[in-house]
$ cat my_file.cif   # mmCIF, C-alpha atoms
data_coords
#
loop_
_atom_site.label_atom_id
_atom_site.label_comp_id
_atom_site.auth_asym_id
_atom_site.auth_seq_id
_atom_site.Cartn_x
_atom_site.Cartn_y
_atom_site.Cartn_z
CA ASP A 64 15.10 8.17 -5.41
CA ALA A 65 14.00 4.78 -6.78
CA TYR A 66 17.36 3.25 -5.85
CA GLY A 67 17.29 4.59 -2.28
CA ARG A 68 20.47 6.60 -2.68
CA ASN A 69 19.19 9.66 -0.81
CA ALA A 70 16.98 7.88 1.71
CA GLU A 71 18.76 9.36 4.72
CA GLU A 72 18.48 12.93 3.43
CA THR A 73 14.79 12.38 2.72
CA ALA A 74 14.25 10.99 6.21
CA ALA A 75 15.82 14.06 7.81
CA LEU A 76 13.35 16.32 5.99
CA LYS A 77 10.37 14.16 6.92
CA GLU A 78 11.22 13.79 10.60
CA ARG A 79 11.39 17.43 11.65
CA GLU A 80 8.83 18.58 14.19
CA ILE A 81 5.57 20.03 12.90
CA THR A 82 4.85 23.50 14.30
CA GLN A 83 1.53 24.61 15.72
CA GLN A 84 1.40 27.28 13.04
CA GLU A 85 1.56 24.57 10.37
CA LEU A 86 -1.21 22.57 12.06
CA ASP A 87 -3.38 25.69 12.27
CA ALA A 88 -2.76 26.37 8.58
CA PHE A 89 -3.81 22.78 7.83
CA ASP A 90 -7.07 23.20 9.78
CA GLU A 91 -7.84 26.42 7.94
CA ALA A 92 -7.09 24.85 4.56
CA LEU A 93 -9.32 21.87 5.37
CA GLU A 94 -12.23 24.13 6.34
CA ASN A 95 -11.85 26.14 3.14
CA LEU A 96 -11.50 23.31 0.63
CA PRO A 97 -13.82 23.71 -2.38
CA ALA A 98 -16.93 21.53 -2.40
CA GLU A 99 -15.59 19.20 -5.10
CA HIS A 100 -13.02 17.81 -2.63
CA ASN A 101 -15.75 16.32 -0.40
CA ALA A 102 -14.18 17.36 2.88
CA GLU A 103 -17.32 16.82 4.96
CA ALA A 104 -16.30 13.38 6.27
CA ALA A 105 -12.78 14.54 7.12
CA ILE A 106 -13.99 17.62 8.97
CA ALA A 107 -16.63 15.64 10.85
CA ALA A 108 -14.13 12.94 11.84
CA LYS A 109 -11.53 15.44 13.00
CA THR A 110 -13.76 17.86 14.90
CA VAL A 111 -16.88 15.96 16.04
CA ILE A 112 -17.14 12.21 15.53
CA CYS A 113 -13.72 10.77 16.43
CA PRO A 114 -11.00 13.41 16.97
CA GLU A 115 -8.91 11.04 19.12
CA LEU A 116 -9.07 8.35 16.43
CA VAL A 117 -7.98 10.89 13.82
CA GLU A 118 -5.07 11.92 16.00
CA ARG A 119 -3.99 8.29 16.38
CA GLU A 120 -4.63 6.84 12.91
CA THR A 121 -4.55 9.73 10.43
CA ASN A 122 -2.65 12.48 12.20
CA PRO A 123 -2.49 15.63 10.05
CA SER A 124 1.29 15.66 10.50
CA LEU A 125 1.48 12.58 8.23
CA PHE A 126 -0.25 14.45 5.44
CA LEU A 127 1.80 17.61 5.95
CA ARG A 128 5.04 15.62 5.68
CA ARG A 129 3.77 13.81 2.59
CA GLU A 130 3.06 17.14 0.88
CA ASN A 131 6.30 18.82 2.00
CA TYR A 132 4.42 20.90 4.58
CA ASN A 133 2.05 22.50 2.07
CA PRO A 134 -1.20 22.88 4.09
CA GLN A 135 -3.52 23.11 1.06
CA LYS A 136 -2.17 19.94 -0.57
CA ALA A 137 -2.10 18.12 2.78
CA ALA A 138 -5.72 19.05 3.50
CA LYS A 139 -6.77 17.88 0.05
CA ARG A 140 -5.09 14.48 0.58
CA PHE A 141 -6.56 14.19 4.08
CA ALA A 142 -10.05 14.86 2.74
CA ALA A 143 -9.57 12.35 -0.09
CA TYR A 144 -8.47 9.69 2.41
CA TRP A 145 -11.56 10.10 4.59
CA ASP A 146 -13.88 10.29 1.59
CA PHE A 147 -12.43 6.97 0.35
CA ARG A 148 -12.75 5.43 3.82
CA VAL A 149 -16.42 6.39 4.14
CA ASP A 150 -17.14 5.13 0.64
CA LEU A 151 -15.50 1.79 1.48
CA PHE A 152 -16.98 1.14 4.94
CA GLY A 153 -20.09 3.31 5.04
CA ASN A 154 -20.96 5.88 7.70
CA GLU A 155 -21.57 3.26 10.37
CA ARG A 156 -18.09 1.70 10.28
CA ALA A 157 -15.77 4.27 8.68
CA PHE A 158 -15.27 6.14 11.96
CA LEU A 159 -14.33 3.02 13.92
CA PRO A 160 -10.68 1.99 14.43
CA ILE A 161 -9.06 0.19 11.50
CA SER A 162 -8.78 -3.02 13.47
CA LEU A 163 -9.46 -6.74 13.10
CA ALA A 164 -10.57 -6.92 16.71
CA GLU A 165 -14.11 -6.74 18.02
CA GLY A 166 -15.52 -3.25 17.77
CA GLY A 167 -13.26 -2.24 14.88
CA ALA A 168 -14.13 -1.36 11.30
CA TYR A 169 -13.34 -4.94 10.24
CA ASP A 170 -15.53 -6.56 12.85
CA ASP A 171 -18.00 -8.84 11.01
CA GLU A 172 -16.00 -8.63 7.75
CA GLU A 173 -16.15 -12.40 7.46
CA GLU A 174 -15.21 -12.72 3.78
CA MET A 175 -12.21 -10.42 4.08
CA ILE A 176 -10.93 -12.17 7.23
CA ARG A 177 -11.35 -15.54 5.51
CA MET A 178 -9.41 -14.24 2.53
CA MET A 179 -6.60 -13.06 4.82
CA ARG A 180 -6.41 -16.49 6.44
CA GLU A 181 -6.52 -18.43 3.18
CA SER A 182 -4.24 -16.05 1.22
CA PRO A 183 -1.92 -14.48 3.84
CA THR A 184 0.64 -13.43 1.21
CA TYR A 185 -1.81 -11.64 -1.11
CA ARG A 186 -0.58 -8.39 0.46
CA TYR A 187 2.35 -8.72 2.83
CA ILE A 188 4.82 -6.35 4.49
CA LEU A 189 8.36 -7.66 4.06
CA PRO A 190 11.37 -6.54 6.11
CA ASN A 191 12.74 -3.11 5.19
CA ASP A 192 15.20 -2.94 2.30
CA THR A 193 18.86 -2.02 2.70
CA HIS A 194 17.95 1.69 2.70
CA GLY A 195 15.38 1.31 5.47
CA ARG A 196 12.35 1.64 3.21
CA CYS A 197 9.17 -0.34 3.85
CA VAL A 198 8.62 -3.13 1.28
CA LEU A 199 5.11 -4.19 0.27
CA PHE A 200 4.86 -7.58 -1.44
CA VAL A 201 1.86 -7.90 -3.75
CA GLU A 202 0.79 -11.27 -5.12
CA ALA A 203 -1.09 -11.20 -8.43
CA ASP A 204 -4.65 -12.50 -8.45
CA GLN A 205 -3.76 -15.10 -11.05
CA GLN A 206 -1.46 -16.88 -8.58
CA ASN A 207 -4.18 -19.16 -7.30
CA ALA A 208 -7.86 -19.88 -7.71
CA THR A 209 -8.50 -19.14 -4.04
CA THR A 210 -7.66 -15.46 -4.41
CA ILE A 211 -9.67 -15.06 -7.62
CA SER A 212 -12.80 -16.39 -5.95
CA PHE A 213 -13.08 -13.51 -3.46
CA SER A 214 -15.11 -10.40 -4.17
CA ARG A 215 -13.71 -7.07 -5.34
CA GLU A 216 -14.80 -5.46 -2.07
CA ALA A 217 -12.94 -8.02 0.04
CA LYS A 218 -9.75 -7.47 -1.95
CA ILE A 219 -9.97 -3.70 -1.64
CA LYS A 220 -10.57 -3.92 2.12
CA TYR A 221 -7.64 -6.34 2.44
CA SER A 222 -5.38 -3.87 0.61
CA PHE A 223 -6.72 -0.93 2.62
CA TYR A 224 -5.91 -2.71 5.87
CA ILE A 225 -2.33 -3.42 4.81
CA TRP A 226 -1.78 0.16 3.64
CA HIS A 227 -3.17 1.39 6.94
CA ARG A 228 -0.66 -0.76 8.81
CA ILE A 229 2.12 0.64 6.63
CA MET A 230 1.00 4.14 7.59
CA GLN A 231 1.79 3.32 11.23
CA GLN A 232 5.44 2.50 10.52
CA GLN A 233 8.00 5.25 11.04
CA SER A 234 10.23 3.93 8.26
CA SER A 235 7.50 4.32 5.66
CA ILE A 236 6.75 7.86 6.81
CA SER A 237 10.35 9.03 6.73
CA LYS A 238 11.80 6.97 3.87
CA GLY A 239 8.83 5.84 1.82
CA VAL A 240 7.51 2.56 0.46
CA VAL A 241 8.72 0.19 -2.25
CA CYS A 242 6.11 -2.04 -3.91
CA LEU A 243 7.14 -5.46 -5.19
CA TYR A 244 4.52 -7.10 -7.43
CA PHE A 245 5.02 -10.78 -8.15
CA PHE A 246 3.26 -12.44 -11.05
CA GLN A 247 4.20 -16.06 -11.59
CA ASP A 248 2.39 -17.00 -14.78
CA LYS A 249 1.02 -20.51 -14.22
CA GLY A 250 -0.78 -20.62 -17.53
CA GLN A 251 -1.92 -18.45 -20.40
CA PHE A 252 -2.32 -14.88 -19.13
CA ASN A 253 -5.87 -13.68 -19.75
CA LEU A 254 -6.61 -9.96 -19.71
CA ASN A 255 -10.22 -10.80 -18.83
CA ASP A 256 -8.99 -11.81 -15.36
CA PHE A 257 -7.66 -8.28 -14.83
CA ASP A 258 -10.06 -6.30 -12.62
CA ARG A 259 -9.61 -2.82 -14.07
CA ILE A 260 -12.14 -1.21 -11.72
CA ARG A 261 -10.42 -2.48 -8.58
CA VAL A 262 -6.93 -1.66 -9.83
CA LYS A 263 -7.99 1.85 -10.85
CA LYS A 264 -9.58 2.44 -7.45
CA MET A 265 -6.51 1.28 -5.54
CA VAL A 266 -4.14 3.27 -7.77
CA MET A 267 -6.21 6.35 -7.03
CA PHE A 268 -6.16 5.56 -3.30
CA VAL A 269 -2.37 5.22 -3.15
CA ARG A 270 -1.77 8.19 -5.45
CA ASP A 271 -4.26 10.66 -3.95
CA CYS A 272 -5.10 9.49 -0.40
CA VAL A 273 -2.24 7.62 1.30
CA PRO A 274 0.10 10.03 3.14
CA LEU A 275 3.22 8.19 2.00
CA HIS A 276 5.64 8.32 -0.91
CA VAL A 277 5.93 5.23 -3.12
CA ARG A 278 9.60 5.40 -4.00
CA ALA A 279 9.61 2.56 -6.53
CA THR A 280 7.34 -0.10 -8.00
CA HIS A 281 8.77 -3.39 -9.29
CA LEU A 282 6.75 -5.86 -11.34
CA VAL A 283 8.42 -9.27 -11.44
CA HIS A 284 6.97 -11.55 -14.10
CA SER A 285 8.20 -15.13 -14.10
CA GLN A 286 8.23 -15.50 -17.85
CA ARG A 287 7.81 -13.38 -20.91
CA SER A 288 4.35 -13.37 -22.46
CA ALA A 289 3.10 -11.31 -25.38
CA PRO A 290 0.03 -9.82 -23.61
CA VAL A 291 2.06 -8.58 -20.64
CA ASP A 292 4.95 -7.34 -22.79
CA MET A 293 2.44 -5.29 -24.79
CA LEU A 294 0.40 -4.13 -21.80
CA VAL A 295 3.25 -2.64 -19.76
CA PRO A 296 4.53 -0.11 -22.39
CA VAL A 297 0.96 0.98 -23.17
CA ALA A 298 0.19 1.44 -19.48
CA LYS A 299 3.38 3.47 -18.95
CA CYS A 300 2.21 5.92 -21.62
CA ILE A 301 -0.85 6.88 -19.57
CA TRP A 302 0.93 7.02 -16.18
CA ASN A 303 2.33 10.31 -14.96
CA SER A 304 6.03 10.99 -15.49
CA ASP A 305 6.99 10.50 -11.84
CA PHE A 306 5.48 7.00 -11.72
CA ARG A 307 7.06 6.04 -15.06
CA LEU A 308 10.50 6.92 -13.71
CA ARG A 309 9.89 4.80 -10.61
CA PHE A 310 8.41 1.75 -12.34
CA PHE A 311 10.61 -1.25 -13.20
CA TYR A 312 9.45 -4.28 -15.15
CA HIS A 313 11.45 -7.48 -14.66
CA SER A 314 10.44 -10.04 -17.28
CA LEU A 315 12.38 -13.16 -16.41
CA GLY A 316 12.73 -15.99 -18.89
CA LYS A 317 11.94 -16.33 -22.58
CA GLN A 318 8.45 -16.29 -24.00
CA GLY A 319 6.93 -19.76 -23.94
CA GLU A 320 9.51 -21.12 -21.48
CA ARG A 321 8.91 -21.75 -17.80
CA ASN A 322 12.41 -21.35 -16.43
CA SER A 323 13.10 -21.07 -12.73
CA ILE A 324 12.96 -17.41 -11.72
CA ILE A 325 14.96 -17.77 -8.50
CA VAL A 326 18.47 -16.86 -9.68
CA PRO A 327 17.62 -14.09 -12.18
CA ALA A 328 15.17 -12.45 -9.78
CA MET A 329 17.83 -12.16 -7.12
CA GLU A 330 20.33 -10.76 -9.58
CA THR A 331 18.03 -8.16 -11.11
CA LEU A 332 16.55 -6.91 -7.82
CA GLU A 333 19.76 -6.67 -5.81
CA GLN A 334 20.77 -3.36 -7.39
CA TYR A 335 17.58 -1.74 -6.08
CA GLY A 336 18.26 -2.50 -2.42
CA PHE A 337 16.76 -5.99 -2.07
CA GLU A 338 19.08 -8.35 -0.21
CA GLN A 339 18.44 -12.05 0.30
CA GLU A 340 17.07 -11.40 3.79
CA VAL A 341 14.38 -9.12 2.34
CA LEU A 342 13.23 -11.22 -0.61
CA PRO A 343 10.95 -14.23 -0.09
CA GLU A 344 12.08 -17.66 -1.19
CA CYS A 345 9.93 -17.51 -4.33
CA LEU A 346 12.22 -14.74 -5.59
CA GLY A 347 15.49 -16.32 -4.55
CA GLY A 348 15.74 -14.78 -1.09
CA THR A 349 15.84 -16.37 2.34
CA TYR A 350 12.84 -14.66 3.93
CA GLN A 351 10.06 -17.05 4.95
CA PHE A 352 6.52 -15.71 5.06
CA ASN A 353 4.85 -15.68 8.45
CA THR A 354 1.56 -17.24 7.37
CA SER A 355 0.08 -16.87 10.86
CA TRP A 356 0.38 -13.08 10.88
CA VAL A 357 -3.40 -12.63 10.63
CA GLU A 358 -4.08 -14.35 13.96
CA GLU A 359 -1.19 -12.48 15.55
CA GLN A 360 -2.49 -9.17 14.22
CA MET A 361 -6.01 -9.89 15.48
CA ASN A 362 -4.56 -10.39 18.96
CA HIS A 363 -2.42 -7.28 18.55
CA ASP A 364 -5.35 -5.14 17.41
CA GLY A 365 -7.21 -6.15 20.53
CA GLY A 366 -4.42 -4.73 22.69
CA ASP A 367 -3.30 -1.21 23.45
CA GLU A 368 -4.73 1.20 20.87
CA ASP A 369 -1.86 3.64 21.39
CA GLN A 370 0.89 1.25 20.45
CA GLU A 371 2.48 1.45 17.02
CA ARG A 372 1.18 -1.49 15.01
CA THR A 373 3.32 -3.20 12.44
CA ILE A 374 3.31 -6.44 10.52
CA GLU A 375 6.62 -8.15 10.02
#
$ encode --input "my_file.cif" --output "structure tokens"
Amino acid sequence: DAYGRNAEETAALKEREITQQELDAFDEALENLPAEHNAEAAIAAKTVICPELVERETNPSLFLRRENYNPQKAAKRFAAYWDFRVDLFGNERAFLPISLAEGGAYDDEEEMIRMMRESPTYRYILPNDTHGRCVLFVEADQQNATTISFSREAKIKYSFYIWHRIMQQQSSISKGVVCLYFFQDKGQFNLNDFDRIRVKKMVMFVRDCVPLHVRATHLVHSQRSAPVDMLVPVAKCIWNSDFRLRFFYHSLGKQGERNSIIVPAMETLEQYGFEQEVLPECLGGTYQFNTSWVEEQMNHDGGDEDQERTIE
């Protein structure tokens, strides 16, 4: 659940071996998806264009485990993932490896690479929580002017890359992912800065395409502000019931005050499985961001394609 209390039981269910019969059922379901699911890209990738890449990066077993071994639901998610990927990169680059190295889908993505280097904590994979779940740290756009200046496409491709790296981690497959959004209000919050189109697209991607379970989402806001306090309850009304139960809003400090968030953040997050070693210093933890991870990952992506790739 959101607190990680049954993480081990969940892992046992997700780690069992997939049978050939289940894989065959997946293939049949994929071939027979209705036209509205846009399965053409997925079928082409799996059977003609890059079957080895599919096996390595988007193995059908990931999607079967995500959908509790239901072949129809797994095929639908698999098709949605590849449709999103083609829409994001185009036909020329979507079927290349998701890699920062030469010859990968991100080769020549100069703006996105520059954004990664200048804002390495915009999306960042923290150490696993106490229950062994992958933790994704998300820094709000309003944190700095540098992030705001980049295009919507660059931000989406940045997020896609990080989610793809999460997909390669065994802990996220078996125990799920916890998202930790950090919004340190450095001025008057302006709803006009909120990119609804990008957020909607990424919510759809995580909800309908990614073959992983998001076990909990935490929004940590450094101080109370009327716009955010009003926005969160309204947004929860339009979310599905499962997401509402797994969403936690931590509004730290009184409206109009800019108190230090370090102590209260540590206290409020500890009950959800975040120890000091997991949380970054900005939230009262002891973890220090590795701001050179982009260069390290570029070197790593240029290595053995068959190795599991992770970002610390």
$ resolve_selection --input "my_file.cif" --expression "the PyMOL selection byres ((chain A and resi 163) around 10)" --output "list in words"
Pro160, Ile161, Ser162, Ala164, Glu165, Gly166, Gly167, Ala168, Tyr169, Asp170, Asp171, Glu172, Ile176, Tyr224, Val357, Glu358, Gln360, Met361, Asn362, His363, Asp364 and Gly365 of chain A
$ resolve_selection --input "my_file.cif" --expression "the PyMOL selection byres ((chain A and resi 135) around 9)" --output "list in words"
Ala88, Phe89, Glu91, Ala92, Leu93, Leu96, Glu130, Tyr132, Asn133, Pro134, Lys136, Ala137, Ala138, Lys139 and Arg140 of chain A
$ residues_around --input "my_file.cif" --residues "Lys264 in chain A" --least-positions-apart "3" --cutoff "12 Å" --atoms "only C-alpha atoms" --output "PyMOL selection string"
chain A and resi 147+150-151+215-216+218-220+222-223+258-261+267-272
$ atom_distance --input "my_file.cif" --atom1 "CA of His284 in chain A" --atom2 "CA of Gln351 in chain A"
20.1 Å
$ closest_residue --input "my_file.cif" --among "A:Phe306, A:Phe200, A:Tyr335, A:Trp226" --to "Tyr144 in chain A" --atoms "all atoms listed in the file"
A:Trp226
$ atom_distance --input "my_file.cif" --atom1 "CA of Arg148 in chain A" --atom2 "CA of Arg228 in chain A"
14.5 Å
$ atom_distance --input "my_file.cif" --atom1 "CA of Val149 in chain A" --atom2 "CA of Leu275 in chain A"
19.8 Å
$ closest_residue --input "my_file.cif" --among "A:Phe352, A:Phe126, A:Tyr244, A:Phe337" --to "Phe311 in chain A" --atoms "only C-alpha atoms"
A:Tyr244
$ closest_residue --input "my_file.cif" --among "A:Ala217, A:Glu202, A:Leu189, A:Glu330" --to "Val240 in chain A" --atoms "only C-alpha atoms"
A:Leu189
$ residues_around --input "my_file.cif" --residues "Ile112 in chain A" --least-positions-apart "2" --cutoff "12 Å" --atoms "only C-alpha atoms" --output "list in words"
Glu103, Ala104, Ala105, Ile106, Ala107, Ala108, Lys109, Thr110, Pro114, Glu115, Leu116, Val117, Asn154, Glu155, Arg156, Ala157, Phe158 and Leu159 of chain A
$ resolve_selection --input "my_file.cif" --expression "the PyMOL selection byres ((chain A and resi 233-235) around 8)" --output "list in words"
Gly195, Arg196, Cys197, Ile229, Met230, Gln231, Gln232, Ile236, Ser237, Lys238, Gly239, Val240, Leu275 and His276 of chain A
$ residues_around --input "my_file.cif" --residues "Gln339 in chain A" --least-positions-apart "4" --cutoff "9 Å" --atoms "all atoms listed in the file" --output "ChimeraX atom specification"
/A:329,333,343-344,346-350
$ closest_residue --input "my_file.cif" --among "A:Arg177, A:Leu282, A:Gln334, A:Lys263" --to "Gln247 in chain A" --atoms "only C-alpha atoms"
A:Leu282
